[in-house]
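*Asks:* Quick one: the structure is below, and I'll ask about it shortly.
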Amino acid sequence: MASVTYKNVWKKYGDVIAVQDLNLAIEDKEFLVLVGPSGCGKTTALRCLAGLEEITQGEVLIDDQVVNDVAPKDRDIAMVFQSYALYPHMSVYDNMAFGLKLRKLDKADIDRRVQESARTLGIEGLLKRKPKELSGGQRQRVAVGRAIVREPKVFLFDEPLSNLDAKLRVQTRAELSKLHQRLETTFIYVTHDQTEAMTMASRIAVMNKGLLQQLDTPQVLYDHPNNLFVAGFIGSPAMNFFNGKVIVEEGTMYIDLGSFRVKVPEHDMPRYDSVIDKEIIFGIRPEDIHNPEFAPPSIIAEPVEVNVDVTELMGNEIFLYLINGNHNFIARVDPRTQVSFGDKMTVVFNMDNYHIFDPSLDPENPPVVGGITKE
Amino acid sequence: MAKAPIASVMKQKTQVPWLYLLPAIIVMTIFILYPMLNTVSLSFGNANGTASAATTCREGQPCWGVFENYRYALTNELNTATVETTWESFWVSSYGNMIKWLLVMVTGTVGIGLIFAVLVDRIKREALAKSIIFMPMAISFVGAGVIWKFVYNYGTSQVQTGILNAIITGLGFKPVSWLTQSPLNTFMLIVVGIWMWTGFCMTLLSSAIKSIPEEIIEASRIDGATNFEIFTKIQVPIIAPTIVVVITTMVINVLKLFDIVYVMTGGNYGTNVIATRMYTEMYTNAHYGRGTAIAVILVLFIIPFIVMNIRRFTKQEAMR
């Protein structure tokens, strides 16, 4: 049980910057997920904490102790690797006991801990087998087991589910969440899969190109992304983005998207004063675009004429690929919607829930305009 | 009518493979099978293969009949007067020397090769270091023989041109005649063998060590293993199958060893090994029967290790 702090951490490989000025305070017993596309620096950040990479600049602290120069074995951490990294020549039992034996625990104690962890994970029956005799899911459990027998201060997970099939991944996700609740220890978990991040994390740190983009709870991250990258990365299917302009006509504010325009609700207008007459990016999530027949009555609905390009029935909902002018976007609508390719229809944008990004402040990754003001 | 095409297809299945194998079979028969059978048959004959080995027996001497050449090959170097003399003479015989070679050279090449393999894995100019260590393998043995003759050279009591004696006399000791004092000379020859073959072992072991995923090493590091524990408890056990193959390969190489002894001492001063003795009997003494008998014995020693290597290999293939 421990807190973990990154203080202005940099990691460079020659001229390549893998992690850039990372500041992150991870609280005791937290389940923090580092998420981002591949090459964003999330795994490097984790390996810096594990002691597998030296940091170029800055400090990493575990429980107020700077661990920059502490060997991995003395950091009291355990790590589950993407490939599981089980020792191929040892039985499951020995794999789990290896770390304890090196720490010179007595035999009875080692045995008790291994048996207990094996029971927790439901792998008691596998203890005598070698890793190559196990299925992918079983190996994954053994890798987790090897971490938990050590009873470390911090657990590190480096994409531990990416080698499992979809069904097992969902199941293991839930088990890891349960394990976190049971062990009451700090978990730091790296993944590129935003669904894993959303479902398990107490807080998510989104990274891109070595930079921390946003750190918050899954719900806040989803509802109030800081910038275009986070808005686009979190959520599936991804948020729709439209290039447009904020205009004011006769006291009403519109977002002019070329081939159509949507009215900004009156209570939002002060927030966008700074971007009037400027090029902006308008973002709205697919689930905030409704078929008017089935739209909830309470929303602020803005009708938009569209052509239907593709429909994908998911069972509980339909994904509609829509076209208006040169805009292509996706809507998640009620499954009772009866449309097909080429149909013209009217959808409504829920103007309770949209985002405006200002590219003039950062063309690479425009920040959101107005920030978090809604509750 | 209807049966004919089926029959020809069936025939094709059993006969065509033989057709393709034929060139190899012919070559193997002429160059491997025939010489082998001829060697065995010569080993039961007299000096020039004109009569049975039994005819070479002398009155009043021990005789194994048709196996007389084998008696010579196995016991001639021994002084069987008492148990003690037998024991002593065994350790300077070609068989005793062979055991020294096997023990020291195989452990030396594999052990040092393993340590080098682990060390080069951690340095920056790995390719350069490996090339240097491997280089003796690439030098022809005549070249290497000249290098080591200089190293071991024993000049006159005034002038020492050998680097080893130069060092020793420089330190105030008397020069040593490295290649004529038994059993020291055999160990000095083994040093040359280790020098030549360590690079070979290192290369094989190094590629095995490299095939261990980095994450396994990292996991053990987090588990608390020191570098030495990673070596002994993770790397060595994982590459154990390769180590076994390298050991058996080296055993075969050492059993066949000829060039080092022949070039440096010619088998004199009690440095004979099985292969040099075979050569001496065959070509210096021109006794085909004895020479081939020693050859057959050598092959019998080597066969178990070849079988081990092949078994290992098929097992590895089956695992793929």
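Residue numbering restarts at 1 in every chain; chains get A, B, ... in the order shown in the structure tokens, and ligands count up from 1 in that same order.
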Select, as a PyMOL selection string, those residues of chain B with any atom no more than 8 Å from chain A (distances computed using only C-alpha atoms).
*Replies:* chain B and resi 213+215-216+218-225+234+237-238
*Asks:* With N, CA and C atoms retained, export the selected residues as a PDB file, in the first residue's frame.
*Replies:*
ATOM      1  N   PRO B 213      13.353 -14.168 -23.891  1.00  0.00           N
ATOM      2  CA  PRO B 213      12.704 -12.857 -23.968  1.00  0.00           C
ATOM      3  C   PRO B 213      13.181 -11.917 -22.851  1.00  0.00           C
ATOM      4  N   GLU B 215      11.647  -9.729 -21.313  1.00  0.00           N
ATOM      5  CA  GLU B 215      10.671  -9.568 -20.227  1.00  0.00           C
ATOM      6  C   GLU B 215      10.880 -10.590 -19.110  1.00  0.00           C
ATOM      7  N   ILE B 216      11.361 -11.777 -19.469  1.00  0.00           N
ATOM      8  CA  ILE B 216      11.598 -12.791 -18.438  1.00  0.00           C
ATOM      9  C   ILE B 216      12.727 -12.341 -17.517  1.00  0.00           C
ATOM     10  N   GLU B 218      13.555  -9.228 -17.009  1.00  0.00           N
ATOM     11  CA  GLU B 218      13.033  -8.096 -16.242  1.00  0.00           C
ATOM     12  C   GLU B 218      12.141  -8.573 -15.100  1.00  0.00           C
ATOM     13  N   ALA B 219      11.327  -9.589 -15.395  1.00  0.00           N
ATOM     14  CA  ALA B 219      10.444 -10.127 -14.351  1.00  0.00           C
ATOM     15  C   ALA B 219      11.279 -10.661 -13.195  1.00  0.00           C
ATOM     16  N   SER B 220      12.378 -11.352 -13.517  1.00  0.00           N
ATOM     17  CA  SER B 220      13.188 -11.901 -12.437  1.00  0.00           C
ATOM     18  C   SER B 220      13.891 -10.794 -11.669  1.00  0.00           C
ATOM     19  N   ARG B 221      14.220  -9.736 -12.365  1.00  0.00           N
ATOM     20  CA  ARG B 221      14.854  -8.597 -11.696  1.00  0.00           C
ATOM     21  C   ARG B 221      13.875  -7.989 -10.685  1.00  0.00           C
ATOM     22  N   ILE B 222      12.626  -7.841 -11.108  1.00  0.00           N
ATOM     23  CA  ILE B 222      11.610  -7.295 -10.194  1.00  0.00           C
ATOM     24  C   ILE B 222      11.338  -8.282  -9.067  1.00  0.00           C
ATOM     25  N   ASP B 223      11.397  -9.567  -9.381  1.00  0.00           N
ATOM     26  CA  ASP B 223      11.207 -10.588  -8.351  1.00  0.00           C
ATOM     27  C   ASP B 223      12.335 -10.568  -7.326  1.00  0.00           C
ATOM     28  N   GLY B 224      13.432  -9.887  -7.639  1.00  0.00           N
ATOM     29  CA  GLY B 224      14.485  -9.730  -6.646  1.00  0.00           C
ATOM     30  C   GLY B 224      15.770 -10.466  -6.956  1.00  0.00           C
ATOM     31  N   ALA B 225      15.926 -10.957  -8.180  1.00  0.00           N
ATOM     32  CA  ALA B 225      17.134 -11.714  -8.498  1.00  0.00           C
ATOM     33  C   ALA B 225      18.306 -10.771  -8.780  1.00  0.00           C
ATOM     34  N   ILE B 234      17.928 -18.461 -13.953  1.00  0.00           N
ATOM     35  CA  ILE B 234      17.020 -18.198 -15.081  1.00  0.00           C
ATOM     36  C   ILE B 234      17.698 -18.559 -16.401  1.00  0.00           C
ATOM     37  N   PRO B 237      19.290 -22.446 -16.693  1.00  0.00           N
ATOM     38  CA  PRO B 237      18.267 -23.499 -16.844  1.00  0.00           C
ATOM     39  C   PRO B 237      17.477 -23.390 -18.147  1.00  0.00           C
ATOM     40  N   ILE B 238      17.204 -22.163 -18.584  1.00  0.00           N
ATOM     41  CA  ILE B 238      16.404 -22.031 -19.809  1.00  0.00           C
ATOM     42  C   ILE B 238      17.195 -22.510 -21.020  1.00  0.00           C
TER      43      ILE B 238
END
*Asks:* Arg129 of chain A: which residues within 10 Å, counting only C-alpha atoms, same-chain residues fewer than 3 positions away excluded, as a short mmCIF file (atom, residue, chain, number, x, y, z; two decimals) with C-alpha atoms, in the first residue's frame?
*Replies:*
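Dumped everything to out.cif:
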data_model
loop_
_atom_site.label_atom_id
_atom_site.label_comp_id
_atom_site.auth_asym_id
_atom_site.auth_seq_id
_atom_site.Cartn_x
_atom_site.Cartn_y
_atom_site.Cartn_z
CA MET A 90 9.71 -23.71 -13.62
CA SER A 91 6.37 -25.14 -12.52
CA VAL A 92 3.54 -22.77 -11.74
CA TYR A 93 4.29 -23.22 -8.04
CA ASP A 94 7.96 -22.32 -8.52
CA GLY A 125 -5.03 -27.40 -9.79
CA LEU A 126 -2.29 -26.05 -12.02
CA LYS A 132 3.79 -24.30 -21.77
CA GLU A 133 1.07 -26.68 -20.59
CA LEU A 134 -1.27 -23.79 -19.78
#
*Asks:* Quick one: distance from atom CA of Gly60 of chain B to atom CA of Glu88 of chain B in Å, one decimal?
*Replies:* 25.3 Å
*Asks:* At a cut-off of 12 Å, using only C-alpha atoms, what residues contact Asn76 of chain B? Leave out same-chain residues fewer than 4 positions from it and give the result as a CSV table (one decimal) with N, CA and C atoms, in the first residue's frame.
*Replies:*
chain,number,residue,atom,x,y,z
B,61,GLN,N,53.0,-65.1,-26.3
B,61,GLN,CA,52.5,-63.8,-26.0
B,61,GLN,C,51.0,-63.9,-25.9
B,62,PRO,N,50.3,-63.0,-25.2
B,62,PRO,CA,48.8,-63.0,-25.2
B,62,PRO,C,48.3,-62.8,-26.6
B,63,CYS,N,47.2,-63.5,-26.9
B,63,CYS,CA,46.7,-63.3,-28.2
B,63,CYS,C,45.2,-63.4,-28.2
B,68,GLU,N,43.2,-59.7,-32.5
B,68,GLU,CA,44.6,-59.3,-32.1
B,68,GLU,C,44.9,-57.8,-32.2
B,69,ASN,N,44.4,-57.2,-33.3
B,69,ASN,CA,44.7,-55.8,-33.4
B,69,ASN,C,44.0,-54.9,-32.3
B,70,TYR,N,42.8,-55.4,-31.9
B,70,TYR,CA,42.1,-54.7,-30.8
B,70,TYR,C,42.8,-54.9,-29.5
B,71,ARG,N,43.4,-56.1,-29.3
B,71,ARG,CA,44.2,-56.3,-28.1
B,71,ARG,C,45.3,-55.3,-28.1
B,72,TYR,N,46.0,-55.2,-29.2
B,72,TYR,CA,47.1,-54.2,-29.3
B,72,TYR,C,46.6,-52.8,-29.1
B,80,THR,N,51.1,-53.9,-17.6
B,80,THR,CA,50.2,-54.6,-16.8
B,80,THR,C,50.9,-55.5,-15.7
B,86,THR,N,49.7,-50.6,-14.0
B,86,THR,CA,48.6,-50.4,-15.0
B,86,THR,C,48.0,-49.1,-14.9
B,89,SER,N,50.4,-46.3,-16.1
B,89,SER,CA,50.6,-46.3,-17.5
B,89,SER,C,49.3,-45.9,-18.2
B,90,PHE,N,48.2,-46.2,-17.6
B,90,PHE,CA,46.9,-45.8,-18.3
B,90,PHE,C,46.8,-44.3,-18.4
B,93,SER,N,48.7,-43.1,-21.3
B,93,SER,CA,48.3,-43.7,-22.6
B,93,SER,C,47.4,-42.7,-23.4
B,94,SER,N,47.1,-43.0,-24.6
B,94,SER,CA,46.3,-42.2,-25.4
B,94,SER,C,44.9,-42.1,-24.8
B,95,TYR,N,44.4,-43.2,-24.2
B,95,TYR,CA,43.1,-43.2,-23.5
B,95,TYR,C,43.0,-42.3,-22.3
B,277,ARG,N,47.4,-41.5,-32.5
B,277,ARG,CA,47.9,-42.9,-32.4
B,277,ARG,C,47.5,-43.7,-33.7
B,290,ARG,N,46.3,-52.5,-37.3
B,290,ARG,CA,46.3,-51.8,-36.0
B,290,ARG,C,45.6,-50.4,-36.2
B,294,ILE,N,42.1,-49.1,-34.2
B,294,ILE,CA,42.0,-47.9,-33.4
B,294,ILE,C,40.9,-47.0,-33.9
*Asks:* Leaving out Pro241 of chain B and any residue of its chain fewer than 2 positions from it, which residues lie within 12 Å of it when counting only C-alpha atoms, given as a list of chain:residue names?
*Replies:*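 After dropping sequence-adjacent residues, the list is A:His89, B:Leu204, B:Leu205, B:Ala208, B:Ile209, B:Gln235, B:Val236, B:Pro237, B:Ile238, B:Ile239, B:Ile243, B:Val244, B:Val245, B:Val246, B:Ile247, B:Thr248, B:Met308, B:Asn309, B:Arg311, B:Arg312, B:Phe313, B:Lys315, B:Gln316.
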*Asks:* For Ala231 of chain A, work out the shell of residues within 12 Å, counting only C-alpha atoms and skipping chain neighbours fewer than 6 positions away, then give it as a list in words.
*Replies:* Gln194, Val206, Gln213, Gln214, Val220, Leu221, Tyr222, Asp223, His224, Pro225, Pro237, Ala238, Met239, Asn240, Phe241, Ile281, Phe282, Gly283, Ile284, Arg285, Tyr354, His355, Ile356, Phe357, Asn365, Pro366, Pro367 and Val368 of chain A
*Asks:* Could you write out the selected residues, including N, CA and C atoms, as an mmCIF file, in the first residue's frame?
*Replies:*
data_model
loop_
_atom_site.group_PDB
_atom_site.id
_atom_site.type_symbol
_atom_site.label_atom_id
_atom_site.label_comp_id
_atom_site.auth_asym_id
_atom_site.auth_seq_id
_atom_site.Cartn_x
_atom_site.Cartn_y
_atom_site.Cartn_z
ATOM 1 N N GLN A 194 -9.206 1.917 -24.516
ATOM 2 C CA GLN A 194 -9.922 2.860 -23.661
ATOM 3 C C GLN A 194 -11.070 2.192 -22.915
ATOM 4 N N VAL A 206 -4.593 10.012 -19.413
ATOM 5 C CA VAL A 206 -4.497 9.847 -20.861
ATOM 6 C C VAL A 206 -3.187 10.473 -21.315
ATOM 7 N N GLN A 213 -2.143 14.148 -21.045
ATOM 8 C CA GLN A 213 -3.181 14.999 -21.621
ATOM 9 C C GLN A 213 -4.227 15.383 -20.588
ATOM 10 N N GLN A 214 -4.612 14.417 -19.782
ATOM 11 C CA GLN A 214 -5.648 14.684 -18.790
ATOM 12 C C GLN A 214 -5.628 13.557 -17.774
ATOM 13 N N VAL A 220 -15.630 11.963 -15.644
ATOM 14 C CA VAL A 220 -15.259 13.352 -15.966
ATOM 15 C C VAL A 220 -14.513 13.391 -17.299
ATOM 16 N N LEU A 221 -13.630 12.401 -17.490
ATOM 17 C CA LEU A 221 -12.873 12.336 -18.731
ATOM 18 C C LEU A 221 -13.805 12.218 -19.939
ATOM 19 N N TYR A 222 -14.828 11.444 -19.765
ATOM 20 C CA TYR A 222 -15.763 11.193 -20.855
ATOM 21 C C TYR A 222 -16.626 12.427 -21.113
ATOM 22 N N ASP A 223 -17.101 13.017 -20.031
ATOM 23 C CA ASP A 223 -18.026 14.147 -20.186
ATOM 24 C C ASP A 223 -17.309 15.454 -20.474
ATOM 25 N N HIS A 224 -16.109 15.596 -19.936
ATOM 26 C CA HIS A 224 -15.431 16.887 -20.064
ATOM 27 C C HIS A 224 -13.992 16.725 -20.497
ATOM 28 N N PRO A 225 -13.773 16.255 -21.714
ATOM 29 C CA PRO A 225 -12.382 16.120 -22.171
ATOM 30 C C PRO A 225 -11.715 17.485 -22.254
ATOM 31 N N PRO A 237 -18.071 4.225 -30.557
ATOM 32 C CA PRO A 237 -17.265 4.886 -31.581
ATOM 33 C C PRO A 237 -16.851 6.292 -31.144
ATOM 34 N N ALA A 238 -15.794 6.796 -31.763
ATOM 35 C CA ALA A 238 -15.211 8.058 -31.321
ATOM 36 C C ALA A 238 -16.146 9.241 -31.573
ATOM 37 N N MET A 239 -15.866 10.321 -30.858
ATOM 38 C CA MET A 239 -16.642 11.547 -31.019
ATOM 39 C C MET A 239 -16.544 12.055 -32.452
ATOM 40 N N ASN A 240 -17.645 12.652 -32.935
ATOM 41 C CA ASN A 240 -17.634 13.267 -34.269
ATOM 42 C C ASN A 240 -17.082 14.678 -34.171
ATOM 43 N N PHE A 241 -16.242 15.036 -35.114
ATOM 44 C CA PHE A 241 -15.689 16.397 -35.130
ATOM 45 C C PHE A 241 -16.068 17.086 -36.434
ATOM 46 N N ILE A 281 -13.490 23.775 -33.780
ATOM 47 C CA ILE A 281 -13.890 22.395 -34.066
ATOM 48 C C ILE A 281 -15.026 22.054 -33.113
ATOM 49 N N PHE A 282 -16.110 21.620 -33.715
ATOM 50 C CA PHE A 282 -17.295 21.268 -32.947
ATOM 51 C C PHE A 282 -17.312 19.752 -32.770
ATOM 52 N N GLY A 283 -17.489 19.288 -31.529
ATOM 53 C CA GLY A 283 -17.474 17.847 -31.290
ATOM 54 C C GLY A 283 -18.753 17.372 -30.621
ATOM 55 N N ILE A 284 -19.287 16.282 -31.110
ATOM 56 C CA ILE A 284 -20.480 15.706 -30.471
ATOM 57 C C ILE A 284 -20.373 14.185 -30.552
ATOM 58 N N ARG A 285 -20.725 13.512 -29.460
ATOM 59 C CA ARG A 285 -20.601 12.053 -29.420
ATOM 60 C C ARG A 285 -21.735 11.393 -30.210
ATOM 61 N N TYR A 354 -22.130 18.802 -25.970
ATOM 62 C CA TYR A 354 -21.264 18.976 -27.121
ATOM 63 C C TYR A 354 -20.025 19.709 -26.647
ATOM 64 N N HIS A 355 -19.045 19.795 -27.521
ATOM 65 C CA HIS A 355 -17.771 20.406 -27.110
ATOM 66 C C HIS A 355 -17.265 21.283 -28.233
ATOM 67 N N ILE A 356 -16.629 22.387 -27.856
ATOM 68 C CA ILE A 356 -16.015 23.250 -28.863
ATOM 69 C C ILE A 356 -14.531 23.385 -28.548
ATOM 70 N N PHE A 357 -13.719 23.158 -29.573
ATOM 71 C CA PHE A 357 -12.260 23.205 -29.399
ATOM 72 C C PHE A 357 -11.707 24.352 -30.219
ATOM 73 N N ASN A 365 -3.344 20.020 -31.145
ATOM 74 C CA ASN A 365 -4.276 19.401 -30.217
ATOM 75 C C ASN A 365 -5.101 20.497 -29.553
ATOM 76 N N PRO A 366 -6.136 20.966 -30.262
ATOM 77 C CA PRO A 366 -6.887 22.122 -29.767
ATOM 78 C C PRO A 366 -7.522 21.866 -28.399
ATOM 79 N N PRO A 367 -7.337 22.783 -27.460
ATOM 80 C CA PRO A 367 -7.973 22.619 -26.154
ATOM 81 C C PRO A 367 -9.461 22.943 -26.223
ATOM 82 N N VAL A 368 -10.195 22.442 -25.269
ATOM 83 C CA VAL A 368 -11.626 22.681 -25.236
ATOM 84 C C VAL A 368 -11.863 24.124 -24.807
#
*Asks:* Between B:Val92, B:Ile147, B:Val118, B:Ile139, which one has atoms that come closest to Leu184 of chain B, using only C-alpha atoms?
*Replies:*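 Of the candidates, the smallest distance to Leu184 of chain B is held by B:Val92.
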*Asks:* Extract the full set of strand (DSSP E) residues from segment 48-273 of chain A according to DSSP on the backbone, and format it as a ChimeraX atom specification.
*Replies:* /A:57-62,65-66,77-80,154-158,186-191,203-208,211-216,240-249,252-256,261-263
*Asks:* Could you state the separation of atom CA of Ile299 of chain A and atom CA of Val369 of chain A in Å, given to one decimal place?
*Replies:*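 These atoms are spaced 21.6 Å apart.
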*Asks:* Applying 8 Å and only C-alpha atoms, which residues near Gly244 of chain A remain after dropping the ones on its own chain fewer than 2 positions away? List them as a ChimeraX atom specification.
*Replies:* /A:242,246,255-258,279-282
*Asks:* Segment 91-144 of chain B: which residues are alpha helix (DSSP H) by DSSP, as a tab-separated table (two decimals) with C-alpha atoms, in the first residue's frame?
*Replies:*
chain	number	residue	atom	x	y	z
B	91	TRP	CA	47.12	-42.09	-17.41
B	92	VAL	CA	49.89	-41.48	-19.93
B	94	SER	CA	46.25	-42.18	-25.42
B	95	TYR	CA	43.08	-43.19	-23.55
B	96	GLY	CA	44.18	-41.54	-20.31
B	97	ASN	CA	45.10	-38.43	-22.25
B	98	MET	CA	41.72	-38.52	-23.94
B	99	ILE	CA	40.03	-38.41	-20.54
B	100	LYS	CA	42.17	-35.41	-19.54
B	101	TRP	CA	41.27	-33.71	-22.80
B	107	THR	CA	34.46	-27.87	-19.24
B	108	GLY	CA	36.89	-25.16	-20.29
B	109	THR	CA	35.34	-24.33	-23.65
B	110	VAL	CA	31.72	-24.63	-22.48
B	111	GLY	CA	32.30	-22.89	-19.15
B	112	ILE	CA	34.34	-20.01	-20.52
B	113	GLY	CA	32.09	-19.83	-23.59
B	114	LEU	CA	29.05	-19.51	-21.33
B	115	ILE	CA	30.62	-16.78	-19.23
B	116	PHE	CA	31.73	-14.90	-22.35
B	117	ALA	CA	28.27	-15.30	-23.87
B	118	VAL	CA	26.68	-13.66	-20.85
B	119	LEU	CA	29.29	-10.92	-20.64
B	120	VAL	CA	29.24	-9.94	-24.32
B	126	GLU	CA	29.22	-6.80	-28.75
B	127	ALA	CA	29.93	-7.70	-32.38
B	128	LEU	CA	33.55	-6.62	-32.08
B	129	ALA	CA	34.15	-8.59	-28.88
B	130	LYS	CA	32.48	-11.65	-30.34
B	131	SER	CA	34.55	-11.46	-33.52
B	132	ILE	CA	37.77	-11.28	-31.53
B	133	ILE	CA	36.79	-14.24	-29.36
B	134	PHE	CA	35.66	-16.21	-32.38
B	135	MET	CA	38.75	-15.40	-34.44
B	136	PRO	CA	40.89	-18.42	-33.41
B	137	MET	CA	38.26	-20.61	-35.08
B	138	ALA	CA	38.85	-18.80	-38.33
B	141	PHE	CA	45.60	-24.56	-37.42
B	142	VAL	CA	48.97	-24.29	-39.05
B	143	GLY	CA	48.87	-20.57	-38.29
B	144	ALA	CA	47.63	-21.20	-34.78
*Asks:* Using only C-alpha atoms, which protein or nucleic acid residues come within 8 Å of segment 19-34 of chain A? Drop anything in the same chain fewer than 6 positions from it, and give the result as a PyMOL selection string.
*Replies:* chain A and resi 1-12+40-42+44-45+58+180+184-191+197+200-207+209-212
